[in-house]
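Peer 1: File protein_20.cif below, mmCIF, C-alpha atoms:
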data_query
#
loop_
_atom_site.label_atom_id
_atom_site.label_comp_id
_atom_site.auth_asym_id
_atom_site.auth_seq_id
_atom_site.Cartn_x
_atom_site.Cartn_y
_atom_site.Cartn_z
CA MET A 1 -24.33 97.54 18.06
CA ARG A 2 -24.88 94.41 20.13
CA ARG A 3 -28.60 94.54 19.42
CA VAL A 4 -28.04 94.90 15.67
CA LYS A 5 -25.66 91.93 15.72
CA SER A 6 -28.20 89.82 17.65
CA LEU A 7 -30.96 90.80 15.23
CA PHE A 8 -28.77 89.88 12.25
CA ILE A 9 -27.93 86.48 13.72
CA ALA A 10 -31.59 85.77 14.56
CA THR A 11 -32.67 86.74 11.03
CA PHE A 12 -29.97 84.56 9.48
CA LEU A 13 -30.91 81.55 11.62
CA CYS A 14 -34.62 81.96 10.82
CA ALA A 15 -33.83 82.13 7.10
CA VAL A 16 -31.71 78.99 7.24
CA PHE A 17 -34.04 76.91 9.38
CA PHE A 18 -37.40 78.01 8.03
CA LEU A 19 -36.85 78.27 4.27
CA PRO A 20 -38.75 75.59 2.38
CA GLY A 21 -36.67 72.59 1.34
CA HIS A 22 -36.90 73.35 -2.37
CA ALA A 23 -35.39 76.81 -1.79
CA LEU A 24 -32.33 75.13 -0.33
CA GLY A 25 -32.07 72.62 -3.16
CA ASP A 26 -34.05 70.01 -1.19
CA HIS A 27 -30.89 68.17 -0.20
CA ARG A 28 -32.19 66.66 2.98
CA LEU A 29 -29.53 65.01 5.02
CA THR A 30 -30.34 62.12 7.25
CA ALA A 31 -28.28 60.68 10.04
CA SER A 32 -28.61 57.45 11.95
CA LEU A 33 -29.27 57.48 15.68
CA PRO A 34 -25.73 56.23 16.51
CA GLN A 35 -24.29 58.96 14.29
CA LEU A 36 -26.32 61.63 16.12
CA GLU A 37 -25.35 60.21 19.51
CA ALA A 38 -21.68 60.36 18.54
CA LEU A 39 -22.03 63.93 17.29
CA TYR A 40 -23.82 65.03 20.48
CA VAL A 41 -21.13 63.42 22.65
CA GLN A 42 -18.42 65.19 20.67
CA ARG A 43 -20.18 68.55 21.06
CA LEU A 44 -21.14 68.14 24.72
CA VAL A 45 -17.54 68.38 25.93
CA ASN A 46 -17.64 72.09 25.05
CA TYR A 47 -20.27 72.58 27.75
CA VAL A 48 -18.85 70.42 30.56
CA ARG A 49 -15.97 71.14 32.94
CA TRP A 50 -14.18 68.35 34.77
CA PRO A 51 -12.71 68.99 38.23
CA GLY A 52 -8.94 69.43 38.68
CA ASN A 53 -6.89 67.13 36.48
CA SER A 54 -9.65 64.58 35.88
CA GLY A 55 -10.41 65.81 32.36
CA PRO A 56 -8.07 65.27 29.44
CA GLN A 57 -4.87 67.28 29.53
CA PRO A 58 -3.99 69.57 26.61
CA GLY A 59 -3.12 67.49 23.59
CA GLN A 60 -4.84 64.37 24.94
CA SER A 61 -8.03 62.82 23.59
CA TYR A 62 -11.29 62.44 25.46
CA ILE A 63 -11.79 58.78 26.30
CA VAL A 64 -15.37 57.71 25.57
CA ALA A 65 -16.45 54.32 26.90
CA ALA A 66 -19.64 52.91 25.41
CA THR A 67 -21.59 49.81 26.32
CA ASP A 68 -22.06 49.18 22.59
CA SER A 69 -19.03 50.80 21.00
CA ALA A 70 -19.31 48.83 17.75
CA VAL A 71 -22.25 50.89 16.44
CA LEU A 72 -20.41 54.14 17.23
CA ARG A 73 -16.95 53.24 15.93
CA PRO A 74 -17.43 54.70 12.40
CA PHE A 75 -18.25 58.10 13.92
CA PHE A 76 -15.15 58.43 16.10
CA PRO A 77 -12.21 58.66 13.68
CA LYS A 78 -8.73 58.66 15.22
CA GLU A 79 -8.11 62.31 14.39
CA SER A 80 -11.36 63.46 16.08
CA GLY A 81 -9.83 64.15 19.50
CA PHE A 82 -11.84 61.28 20.98
CA LYS A 83 -10.82 57.72 21.72
CA LEU A 84 -13.74 55.27 21.72
CA VAL A 85 -13.38 52.18 23.93
CA GLN A 86 -15.70 49.36 24.94
CA TRP A 87 -17.08 49.45 28.49
CA PRO A 88 -15.86 48.30 31.00
CA SER A 89 -12.81 50.51 30.85
CA SER A 90 -10.43 51.37 33.66
CA GLU A 91 -10.26 54.98 32.48
CA CYS A 92 -12.75 57.22 30.69
CA HIS A 93 -14.00 60.80 30.70
CA ILE A 94 -17.38 59.99 29.18
CA LEU A 95 -19.52 56.89 29.61
CA LEU A 96 -22.29 56.33 27.06
CA ILE A 97 -24.79 53.68 28.08
CA ASN A 98 -26.35 52.69 24.78
CA ARG A 99 -28.44 49.65 23.89
CA THR A 100 -28.17 48.27 27.42
CA PRO A 101 -30.92 46.59 29.47
CA ASP A 102 -32.21 48.67 32.41
CA ARG A 103 -30.88 46.39 35.13
CA GLU A 104 -27.38 46.32 33.62
CA ALA A 105 -27.46 50.10 33.09
CA ALA A 106 -28.36 50.61 36.76
CA ALA A 107 -25.38 48.50 37.85
CA ILE A 108 -23.02 50.40 35.54
CA LEU A 109 -24.25 53.79 36.76
CA LYS A 110 -23.92 52.68 40.37
CA ARG A 111 -20.32 51.67 39.68
CA ALA A 112 -19.55 55.04 38.02
CA LYS A 113 -21.24 57.13 40.73
CA GLY A 114 -18.94 59.56 42.48
CA TYR A 115 -16.27 59.50 39.78
CA PRO A 116 -15.70 62.54 37.54
CA VAL A 117 -17.12 60.76 34.50
CA LEU A 118 -19.84 62.31 32.33
CA THR A 119 -22.52 59.60 32.22
CA ILE A 120 -24.94 59.61 29.31
CA GLY A 121 -27.94 57.32 28.90
CA THR A 122 -30.31 56.64 26.05
CA ARG A 123 -33.40 55.73 28.06
CA PRO A 124 -35.44 57.96 30.40
CA ILE A 125 -34.93 55.59 33.33
CA ASN A 126 -31.17 56.21 33.12
CA LEU A 127 -31.63 59.67 34.67
CA HIS A 128 -33.42 58.14 37.65
CA GLN A 129 -30.58 55.61 37.90
CA GLY A 130 -28.00 58.42 38.12
CA ALA A 131 -27.03 59.35 34.56
CA MET A 132 -26.19 63.02 34.07
CA ILE A 133 -27.54 63.30 30.53
CA ASN A 134 -30.17 61.37 28.61
CA PHE A 135 -30.67 61.34 24.85
CA TYR A 136 -34.24 60.81 23.66
CA MET A 137 -36.20 61.14 20.43
CA GLN A 138 -39.07 63.62 20.16
CA SER A 139 -40.84 64.47 16.91
CA GLY A 140 -38.05 62.84 14.94
CA LYS A 141 -35.31 64.89 16.63
CA LEU A 142 -32.69 63.86 19.15
CA ARG A 143 -33.17 65.83 22.36
CA MET A 144 -31.42 65.91 25.73
CA GLN A 145 -32.40 65.86 29.36
CA VAL A 146 -29.86 66.85 32.02
CA ASN A 147 -29.67 65.83 35.68
CA PRO A 148 -27.59 68.69 37.18
CA GLN A 149 -27.66 67.10 40.64
CA ALA A 150 -25.89 63.96 39.38
CA ALA A 151 -23.26 66.11 37.64
CA ASP A 152 -22.70 68.16 40.80
CA GLU A 153 -22.26 65.02 42.89
CA ALA A 154 -19.50 63.87 40.51
CA GLY A 155 -17.80 67.27 40.58
CA LEU A 156 -18.67 68.12 36.98
CA SER A 157 -20.11 71.48 36.03
CA ILE A 158 -22.47 71.87 33.10
CA SER A 159 -22.61 75.20 31.33
CA SER A 160 -25.64 77.39 31.92
CA ARG A 161 -25.77 77.88 28.13
CA LEU A 162 -26.49 74.17 27.71
CA LEU A 163 -28.93 74.08 30.63
CA LYS A 164 -31.04 76.78 28.94
CA LEU A 165 -31.48 74.57 25.87
CA VAL A 166 -32.35 71.22 27.43
CA LYS A 167 -35.02 69.68 29.59
CA ILE A 168 -33.91 69.62 33.24
CA TYR A 169 -34.48 66.46 35.24
CA ARG A 170 -35.05 66.81 38.97
CA GLU A 171 -35.29 63.92 41.42
CA LYS A 172 -38.61 63.85 43.20
CA SER A 173 -38.06 64.34 46.93
CA ASP A 174 -39.61 61.95 49.43
CA GLU A 175 -41.00 64.81 51.54
#
Kindly present the structure from the file in structure tokens form.
Peer 2:
Amino acid sequence: MRRVKSLFIATFLCAVFFLPGHALGDHRLTASLPQLEALYVQRLVNYVRWPGNSGPQPGQSYIVAATDSAVLRPFFPKESGFKLVQWPSSECHILLINRTPDREAAAILKRAKGYPVLTIGTRPINLHQGAMINFYMQSGKLRMQVNPQAADEAGLSISSRLLKLVKIYREKSDE
């Protein structure tokens, strides 16, 4: 039964994703990069666990601090379960470093290190600087890289389901 269900789901997904555009009415949707970043942030919380009481309590919103919150504001409506604030913020669960120069991003990540805050960058160097997740474009699609070591050091756990779908970043050892 489980195999039949898996086969049905796989067939359905193939049909949806691989049908030609005209068969689906050719209604191609486009989203801006900030809109995709906001959507990814809102979905990522389903795959991350915060230690103890450091995550939002039931009924509370996730607090998302962004270095450029203005471009994201339209995509975080009040009823979304997320509260978007401008960095620096005294309290946040998620820190999105977007449209920030490398040197400034490094300082921000250094300041956030060791706290149970999910740090997300938008440039490959952010992973080296200590970000836990990096968004990047590849073939016109928004992709993710994850630094599990940085998440572990902050006490966050990232679901193995997510880790199977993303590119894993590993620090190069000096040995």
Peer 1: Measure the distance from atom CA of A:Ile133 to atom CA of A:Gln86 in Å and round it to one decimal.
Peer 2: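 These atoms are spaced 19.1 Å apart.
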Peer 1: Neighbours of A:Gln145 within 7 Å (only C-alpha atoms; same-chain residues fewer than 2 positions away dropped), as a compact mmCIF listing (two decimals) with C-alpha atoms, in the frame of the given file?
Peer 2:
# COMPACT_ATOMS: atom_id res chain seq x y z
CA ILE A 133 -27.54 63.30 30.53
CA ASN A 134 -30.17 61.37 28.61
CA PHE A 135 -30.67 61.34 24.85
CA ASN A 147 -29.67 65.83 35.68
CA VAL A 166 -32.35 71.22 27.43
CA LYS A 167 -35.02 69.68 29.59
CA ILE A 168 -33.91 69.62 33.24
CA TYR A 169 -34.48 66.46 35.24
Peer 1: As a check of understanding, name the residues that the PyMOL selection byres ((chain A and resi 123-125) around 8) selects in the supplied structure, as a PyMOL selection string.
Peer 2: chain A and resi 102+121-122+126-129+134-136
Peer 1: Export C-alpha atoms of the chosen residues as a PDB file, in the coordinates of the input?
Peer 2:
ATOM      1  CA  ASP A 102     -32.210  48.670  32.410  1.00  0.00           C
ATOM      2  CA  GLY A 121     -27.940  57.320  28.900  1.00  0.00           C
ATOM      3  CA  THR A 122     -30.310  56.640  26.050  1.00  0.00           C
ATOM      4  CA  ASN A 126     -31.170  56.210  33.120  1.00  0.00           C
ATOM      5  CA  LEU A 127     -31.630  59.670  34.670  1.00  0.00           C
ATOM      6  CA  HIS A 128     -33.420  58.140  37.650  1.00  0.00           C
ATOM      7  CA  GLN A 129     -30.580  55.610  37.900  1.00  0.00           C
ATOM      8  CA  ASN A 134     -30.170  61.370  28.610  1.00  0.00           C
ATOM      9  CA  PHE A 135     -30.670  61.340  24.850  1.00  0.00           C
ATOM     10  CA  TYR A 136     -34.240  60.810  23.660  1.00  0.00           C
TER      11      TYR A 136
END
Peer 1: Quick one: everything within 8 Å of A:Pro51, counting all atoms listed in the file, minus sequence neighbours fewer than 5 positions away in the same chain. Send it as an MDAnalysis selection string.
Peer 2: chainID A and resid 116 155:156
Peer 1: Of the candidates A:Trp87, A:Tyr62, A:Tyr115, A:Phe76, which one gets nearest to A:Ala38 if we count only C-alpha atoms?
Peer 2: A:Phe76
Peer 1: Taking the file as I've supplied it (selection: the PyMOL selection byres ((chain A and resi 95) around 7)), which residues are included? Please answer as a list of chain:residue names.
Peer 2: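 This file, filtered by the PyMOL selection byres ((chain A and resi 95) around 7), leaves A:Val64, A:Ala65, A:Ala66, A:Cys92, A:His93, A:Ile94, A:Leu96, A:Ile97, A:Val117, A:Leu118, A:Thr119, A:Ile120.
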Peer 1: Choose the residue, out of A:Lys78, A:Leu72, A:Tyr47, A:Gln57, that has the smallest atom-to-atom separation from A:Leu165; count all atoms listed in the file.
Peer 2: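 Of A:Lys78, A:Leu72, A:Tyr47, A:Gln57, the one nearest A:Leu165, counting all atoms listed in the file, is A:Tyr47.
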Peer 1: In terms of the shortest atom-to-atom distance over all atoms listed in the file, which of A:Ala131, A:Val85, A:Val48, A:Met144 is closest to A:Ser160?
Peer 2: A:Val48
Peer 1: Expand the PyMOL selection byres ((chain A and resi 32) around 12) into the explicit residue set it covers here, and present it as a ChimeraX atom specification.
Peer 2: /A:29-31,33-39,71-72,74-75,137,140-142
Peer 1: Could you check how far atom CA of A:Ile108 sits from atom CA of A:Arg73, in Å to one decimal?
Peer 2: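 It comes out at 20.7 Å.
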